[in-house]
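Below is one structure, written out as structure tokens; comments come after it.
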Amino acid sequence: MKIKTILPFIVILAILVGLVLWQKVNVKPVAPIATQIGLETLVPEGLLKDNIKKVEMYAGESPDTKVVLERDGDAWRITSLYNAPGNKETIDGFLDKLLGLKGEPRAKGDTEERLASFALTDKEAFHICAYASDAETPAMNVLFGKSADFRTVFLRKADDTRVYVESTNLRREAGVSDSGEETTPKPEKWLQTKMLELPDTGITKLAVKYPDKELVLTREEEVKETEPAVVEGENEGEGVPKPEPEVTYKWVLSSGGFNNEIKESEVKTLLTRFANLTVTNVADPARKAELGFEDPKFSITLSRENEGDVVLVGGCDKPGGDTFIKQVGAEPDLIYQISKYNFEQIFLQGSKLFTLPEWTENKEKLRTISVSGPQRNIKLAWEENAWKLVEPALSLEVQKTAVDNLVSAVTSLKPVDYADAGRELGAFDTIVTVTREDGTSRTLSVGQPSLSIDGRYAKMDGGDAALVLSRADAEKLTPPVRDLFVLSVLDFDVQKVKQVHVTGAGAELMLSREAGSSQWNGTYNGAVIAPEPVKVDDLINAFNEFQMDDFLIGRSFESVTAASKAVVALEDGSESVIAVGPEVDGKYEIAITGMPCVFTADLADLTGIISQVSAFEAMTPPPAPTPDASGTEAPASSSETTGVLTTAPPEFTPSEVPAAITLPVEPAAPAAESAVVLPPSAPEADLPAGATAQ
């Protein structure tokens, strides 16, 4: 090739090489993205994860409520949670994020007000302190404030007022919500929740103890001999090695139980749950006796091949309440809280392991249902193609849902558990009896609450087997008598109310209007007021919607010694007189004209009416003017400025108002709170002119 031909290529190559050399000398390399946007490392130089021996977290408003994590060799302990084991993976991940903090400078919080705008004052912020070795002061102390947006958060170093923005919100990672619902960190967030990892293949025996029964399950080995396979034309006449026998396992009931027909599939499922048994929290060791761990009523002993037994004991704070568990001999010796679901998955209900007898009835053939016991006597009868409440016979509206639930319950019951024979279970003192159209009958005896689950003991047809009904079924079968009736008994037409009269200690309220008029007139403590229509409606509705708590059969209106009363009169001349007796053990007896019994109510039930009456106190005129220093009376406010009538409206006549009536009141409150304290009925001499006691 001629030199003239390749010369242009040589020139071009030389130019390219020169450009590359020039770029290397004159063009600076692109800086990392963190440098480009001005991110600053917030971690002290040289601080490594392995150097961190302790971490503290707390909300500035609650510095004494700290989460404290301390390294224990290769593991972590939650010092603030009774030295419970921490989840190493969770804590290490948190430290990785802590040591990776890089913030973008945003502002200078050189005043408390500026720091407060970012929620970064010492009191408002969330504090994270990391300690190296045994140092008394933290090697790293970072404060997290409010979220800048849904992706970032404001933060600063404790010894620096500069405010940064970071995408890693460690306050949220620590379990403290941005909404403020959870303002302090929870130590259980860091808990090693996996309590037990026990392969089911090595378990050979299972002994379970409940408060009301015990049973033992044993794994039995079954060996199946197999014959050697012989191929035609091969190995004939020769000694063929015999294959190893096939070994399988079967679970059988060794002792206890409702019957001998154990559900083996449920047993095998139960064993798998010990491979990953999880807990949710750690209980205060001081509650050991309260939670039933001084003498545990629940226990499971797991026997294993060539290894020691594993023993778990359980308890609860109350029947149907929170459940707890611990492993005997484990260190540290802790009582863990376990979800009720997981607790019941290892302490199985009897119906999971055995087929229990059921109660069934043909609804179409039932004619009467009765429930009798210490607290109730109920009878239903099928009359006129409907179930009627025959006893108790009260002229109150019947709660149809409760009646339907009772009928439904007696037609189909599936017990969920049982108790061993011979256990002391208390009295079976509530008897449910059903009769059929052919005159035959059967009974169900309902006893005390179960000692093992949330339900009640029961026996069918006089038998000895103690079964357990679920709480839902038991409540349907044995409802409180009050639940059979509608207890909103003051059912009047609120549009037809023309008078309301309430009196009390230091307060007397009278309201009235003419028929067909919407203008209300009234007095409060004798002073004429202009009642606000909304407040009047609120008071009338409070009376009309009032829900009684219970009733007392066989008591008349006259049997209540009225410490207070109220009257609501209607346009047609009818009226409801409500007499309220004195408070006894937090309860008030209430008698109402025309009602077949006396009712009871709590003070909390009466609070709504009391607060509605209190609203009228603000409508009273100001106190009479007092002389000034010169002896001249200061002018009183006019009705224009107070909004209060200064004379009684002509249509309001005190003589038309029923006798003074009072309501029970809450304990006396300071005068500054304007609490209305309603008195006992005033004597006749204290009534307004023209009014007479009835």
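Labeling convention for the structure tokens: chains A, B, ... as they appear, residues from 1 per chain, ligands from 1 in order of appearance.
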
Inset, instruction - Find the residues near Glu571 of chain A: any atom within 12 Å, counting only C-alpha atoms, skip ones fewer than 6 places away on the same chain, and give them as number ranges by chain. - result: A: 492-500, 512-517

Legend entry - Polymer residues at most 10 Å from segment 393-407 of chain A, only C-alpha atoms, same-chain spacing of 6 or more positions, as a VMD selection string: chain A and resid 363 366 368 to 371 378 to 380 387 434 473 to 489 553 594 to 597

Legend entry - Gap from atom CA of Cys129 of chain A to atom CA of Asp149 of chain A - Å, one decimal: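 Spanning atom CA of Cys129 of chain A to atom CA of Asp149 of chain A is a straight-line distance of 24.3 Å.
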
Inset, instruction - Take atom CA of Ser452 of chain A and atom CA of Leu191 of chain A and report the distance between them in Å, one decimal. - result: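 Atom CA of Leu191 of chain A lies 28.3 Å from atom CA of Ser452 of chain A.
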
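Each of A:Ser372, A:Thr355, A:Ser147, A:Ser611 was checked against Asn259 of chain A using only C-alpha atoms; the smallest atom-to-atom distance is that of A:Thr355.
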
Inset, instruction - Enumerate the residues of segment 51-121 of chain A with a DSSP assignment of helix (DSSP H, G or I), computed from the backbone, and present them as a list of chain:residue names. - result: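 DSSP-assigned helix (DSSP H, G or I) residues in segment 51-121 of chain A: A:Asn51, A:Thr79, A:Ser80, A:Leu81, A:Lys88, A:Glu89, A:Thr90, A:Ile91, A:Asp92, A:Gly93, A:Phe94, A:Leu95, A:Asp96, A:Lys97, A:Leu98, A:Glu112, A:Glu113, A:Arg114, A:Leu115, A:Ala116, A:Ser117.
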
Written file, previous selection with C-alpha atoms, as a tab-separated table (two decimals), in the first residue's frame:
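Below is the file that was written, again-v7.tsv:
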chain	number	residue	atom	x	y	z
A	51	ASN	CA	-17.87	-1.62	67.56
A	79	THR	CA	-32.23	-4.81	78.36
A	80	SER	CA	-35.43	-2.78	78.62
A	81	LEU	CA	-37.55	-5.94	78.15
A	88	LYS	CA	-30.16	-10.33	65.49
A	89	GLU	CA	-31.18	-9.97	61.86
A	90	THR	CA	-33.56	-7.09	62.62
A	91	ILE	CA	-31.09	-5.24	64.86
A	92	ASP	CA	-28.14	-5.69	62.48
A	93	GLY	CA	-30.25	-4.40	59.60
A	94	PHE	CA	-31.19	-1.35	61.65
A	95	LEU	CA	-27.54	-0.64	62.46
A	96	ASP	CA	-26.60	-0.92	58.78
A	97	LYS	CA	-29.13	1.81	58.02
A	98	LEU	CA	-27.95	3.91	60.96
A	112	GLU	CA	-35.75	26.72	69.30
A	113	GLU	CA	-38.51	28.08	67.07
A	114	ARG	CA	-36.71	27.00	63.90
A	115	LEU	CA	-35.93	23.57	65.31
A	116	ALA	CA	-39.56	23.24	66.37
A	117	SER	CA	-40.68	23.83	62.78

Return as a tab-separated table the residues of segment 555-632 of chain A lying at most 10 Å from segment 520-533 of chain A, together with the closest atom-to-atom pair for each and the distance in Å to one decimal, counting only C-alpha atoms, with rows in chain order and ascending residue number.
residue	atom	partner	partner_atom	distance
A:Val613	CA	A:Tyr524	CA	9.9
A:Ala615	CA	A:Glu532	CA	9.6
A:Phe616	CA	A:Pro531	CA	7.2
A:Glu617	CA	A:Tyr524	CA	6.9
A:Ala618	CA	A:Ile529	CA	9.7
A:Met619	CA	A:Ile529	CA	6.0
A:Thr620	CA	A:Ile529	CA	5.9
A:Pro621	CA	A:Ala527	CA	7.0
A:Pro622	CA	A:Ala527	CA	9.9

Legend entry - Among the residues A:Asp333, A:Glu246, A:Glu182, A:Leu42, the one that comes closest to Lys288 of chain A [using only C-alpha atoms]: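 Looking only at the distances to Lys288 of chain A, the closest residue turns out to be A:Asp333.
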
Inset, instruction - Can you pull out every residue within 6 Å of Val416 of chain A, counting only C-alpha atoms, but drop anything in the same chain fewer than 2 positions away, and send it as an MDAnalysis selection string? - result: chainID A and resid 351 468:469
